[in-house]
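What follows is one structure encoded as structure tokens, with my remarks underneath.
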Amino acid sequence: MQDDYARKLEDQKGLFKQLGIKLDALSIHDKEFDVKMRGYEKEEVDRFLDDVIVDYERFYEIITDLLDKYKEIQRRQAYWEEERKSLVSRKPQIDTADAVDRRLVEDGIRQMERSLEQLKLQIRSGV
């Protein structure tokens, strides 16, 4: 447990240094102040710094979570970009020799409609 916490603090220090943040939870915890005659109450300062430490640790969790999500979004975006490029390169080319002339299809449909009308007339006339 102690090793896990120490590793987490080291990761936090590294990230904060990278982001230009001077303080981390451990440096706040280890900070010692000089005691003077009219100074602050030590226990009150310690309680306040404990709250600051909790906030810093929460900030670290939020930052690392956001960075993980950002990396995942970048990874997905790169994947979909590669898929898009792959699909574009595999786009089927229409062979004009295999293409059907639209006019031939329309003429065929008109001829079938005429034949159907003739058949209907023959049925009605009883032939």
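Naming scheme: A, B, ... for chains in displayed order of the structure tokens; residues 1 onward per chain; ligands 1 onward as shown.
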Problem set entry | region 12-28 of chain A surroundings by only C-alpha atoms, 9 Å radius, close-in-sequence under 6 positions cut, as a list of chain:residue names | A:Leu49, A:Asp50, A:Val52, A:Ile53, A:Val54, A:Asp55, A:Tyr56, A:Glu57, A:Tyr60, A:Thr64
I'd like to know which residues of chain A are helix (DSSP H, G or I) (by DSSP, run on the backbone); could you write them as an mmCIF file with C-alpha atoms, in the first residue's frame?
```cif
data_model
loop_
_atom_site.group_PDB
_atom_site.id
_atom_site.type_symbol
_atom_site.label_atom_id
_atom_site.label_comp_id
_atom_site.auth_asym_id
_atom_site.auth_seq_id
_atom_site.Cartn_x
_atom_site.Cartn_y
_atom_site.Cartn_z
ATOM 1 C CA GLN A 2 2.819 2.381 0.921
ATOM 2 C CA ASP A 3 4.640 1.584 -2.352
ATOM 3 C CA ASP A 4 1.480 2.279 -4.340
ATOM 4 C CA TYR A 5 1.046 5.632 -2.616
ATOM 5 C CA ALA A 6 4.716 6.516 -3.140
ATOM 6 C CA ARG A 7 4.435 5.617 -6.849
ATOM 7 C CA LYS A 8 1.287 7.726 -7.140
ATOM 8 C CA LEU A 9 3.059 10.695 -5.544
ATOM 9 C CA GLU A 10 6.030 10.311 -7.901
ATOM 10 C CA ASP A 11 3.678 10.199 -10.898
ATOM 11 C CA GLN A 12 1.939 13.270 -9.532
ATOM 12 C CA LYS A 13 5.232 15.122 -9.109
ATOM 13 C CA GLY A 14 6.244 14.282 -12.660
ATOM 14 C CA LEU A 15 2.953 15.452 -14.137
ATOM 15 C CA PHE A 16 2.862 18.634 -12.073
ATOM 16 C CA LYS A 17 6.441 19.455 -13.053
ATOM 17 C CA GLN A 18 5.507 18.924 -16.698
ATOM 18 C CA LEU A 19 2.516 21.271 -16.272
ATOM 19 C CA ALA A 25 0.543 16.810 -2.093
ATOM 20 C CA LEU A 26 3.766 15.554 -0.529
ATOM 21 C CA SER A 27 5.534 18.937 -0.603
ATOM 22 C CA ILE A 28 2.489 20.517 1.061
ATOM 23 C CA HIS A 29 2.371 17.765 3.674
ATOM 24 C CA ASP A 30 6.089 18.018 4.444
ATOM 25 C CA LYS A 42 -0.175 24.869 14.381
ATOM 26 C CA GLU A 43 -3.134 22.456 14.461
ATOM 27 C CA GLU A 44 -5.339 24.869 12.500
ATOM 28 C CA VAL A 45 -2.667 25.304 9.838
ATOM 29 C CA ASP A 46 -2.194 21.516 9.655
ATOM 30 C CA ARG A 47 -5.947 20.951 9.196
ATOM 31 C CA PHE A 48 -6.047 23.555 6.442
ATOM 32 C CA LEU A 49 -3.046 22.029 4.693
ATOM 33 C CA ASP A 50 -4.684 18.593 4.954
ATOM 34 C CA ASP A 51 -7.667 20.024 3.055
ATOM 35 C CA VAL A 52 -5.332 21.512 0.452
ATOM 36 C CA ILE A 53 -3.628 18.111 0.082
ATOM 37 C CA VAL A 54 -6.994 16.402 -0.486
ATOM 38 C CA ASP A 55 -7.814 18.977 -3.166
ATOM 39 C CA TYR A 56 -4.430 18.517 -4.838
ATOM 40 C CA GLU A 57 -4.901 14.776 -4.942
ATOM 41 C CA ARG A 58 -8.370 15.258 -6.455
ATOM 42 C CA PHE A 59 -6.946 17.690 -9.025
ATOM 43 C CA TYR A 60 -4.334 15.105 -9.916
ATOM 44 C CA GLU A 61 -7.011 12.426 -10.393
ATOM 45 C CA ILE A 62 -9.055 14.756 -12.588
ATOM 46 C CA ILE A 63 -6.048 15.787 -14.670
ATOM 47 C CA THR A 64 -4.873 12.209 -15.216
ATOM 48 C CA ASP A 65 -8.417 11.098 -16.060
ATOM 49 C CA LEU A 66 -8.764 13.920 -18.585
ATOM 50 C CA LEU A 67 -5.361 13.132 -20.088
ATOM 51 C CA ASP A 68 -6.328 9.455 -20.409
ATOM 52 C CA LYS A 69 -9.587 10.416 -22.113
ATOM 53 C CA TYR A 70 -7.746 12.808 -24.410
ATOM 54 C CA LYS A 71 -5.274 10.083 -25.402
ATOM 55 C CA GLU A 72 -8.161 7.674 -26.029
ATOM 56 C CA ILE A 73 -9.916 10.236 -28.222
ATOM 57 C CA GLN A 74 -6.697 10.791 -30.172
ATOM 58 C CA ARG A 75 -6.250 7.037 -30.574
ATOM 59 C CA ARG A 76 -9.834 6.615 -31.814
ATOM 60 C CA GLN A 77 -9.533 9.578 -34.136
ATOM 61 C CA ALA A 78 -6.354 8.151 -35.657
ATOM 62 C CA TYR A 79 -8.072 4.760 -36.045
ATOM 63 C CA TRP A 80 -11.113 6.260 -37.793
ATOM 64 C CA GLU A 81 -8.907 8.401 -40.002
ATOM 65 C CA GLU A 82 -7.055 5.254 -41.107
ATOM 66 C CA GLU A 83 -10.382 3.479 -41.683
ATOM 67 C CA ARG A 84 -11.638 6.403 -43.758
ATOM 68 C CA LYS A 85 -8.479 6.402 -45.859
ATOM 69 C CA SER A 86 -8.773 2.645 -46.289
ATOM 70 C CA LEU A 87 -12.394 2.916 -47.417
ATOM 71 C CA VAL A 88 -11.589 5.687 -49.885
ATOM 72 C CA SER A 89 -8.776 3.648 -51.391
ATOM 73 C CA ARG A 102 -30.977 3.952 -68.300
ATOM 74 C CA ARG A 103 -32.876 4.480 -71.555
ATOM 75 C CA LEU A 104 -32.906 0.745 -72.240
ATOM 76 C CA VAL A 105 -34.403 0.079 -68.810
ATOM 77 C CA GLU A 106 -37.054 2.791 -69.251
ATOM 78 C CA ASP A 107 -37.970 1.459 -72.707
ATOM 79 C CA GLY A 108 -38.287 -2.046 -71.284
ATOM 80 C CA ILE A 109 -40.593 -0.834 -68.521
ATOM 81 C CA ARG A 110 -42.800 1.068 -70.987
ATOM 82 C CA GLN A 111 -43.030 -2.011 -73.208
ATOM 83 C CA MET A 112 -44.039 -4.182 -70.242
ATOM 84 C CA GLU A 113 -46.698 -1.636 -69.234
ATOM 85 C CA ARG A 114 -48.139 -1.670 -72.776
ATOM 86 C CA SER A 115 -48.190 -5.455 -72.807
ATOM 87 C CA LEU A 116 -49.944 -5.491 -69.429
ATOM 88 C CA GLU A 117 -52.601 -3.024 -70.662
ATOM 89 C CA GLN A 118 -53.199 -5.182 -73.754
ATOM 90 C CA LEU A 119 -53.565 -8.262 -71.576
ATOM 91 C CA LYS A 120 -56.096 -6.468 -69.348
ATOM 92 C CA LEU A 121 -58.141 -5.428 -72.407
ATOM 93 C CA GLN A 122 -58.131 -8.990 -73.709
ATOM 94 C CA ILE A 123 -59.317 -10.338 -70.336
ATOM 95 C CA ARG A 124 -62.154 -7.748 -70.150
ATOM 96 C CA SER A 125 -63.293 -8.434 -73.700
#
```
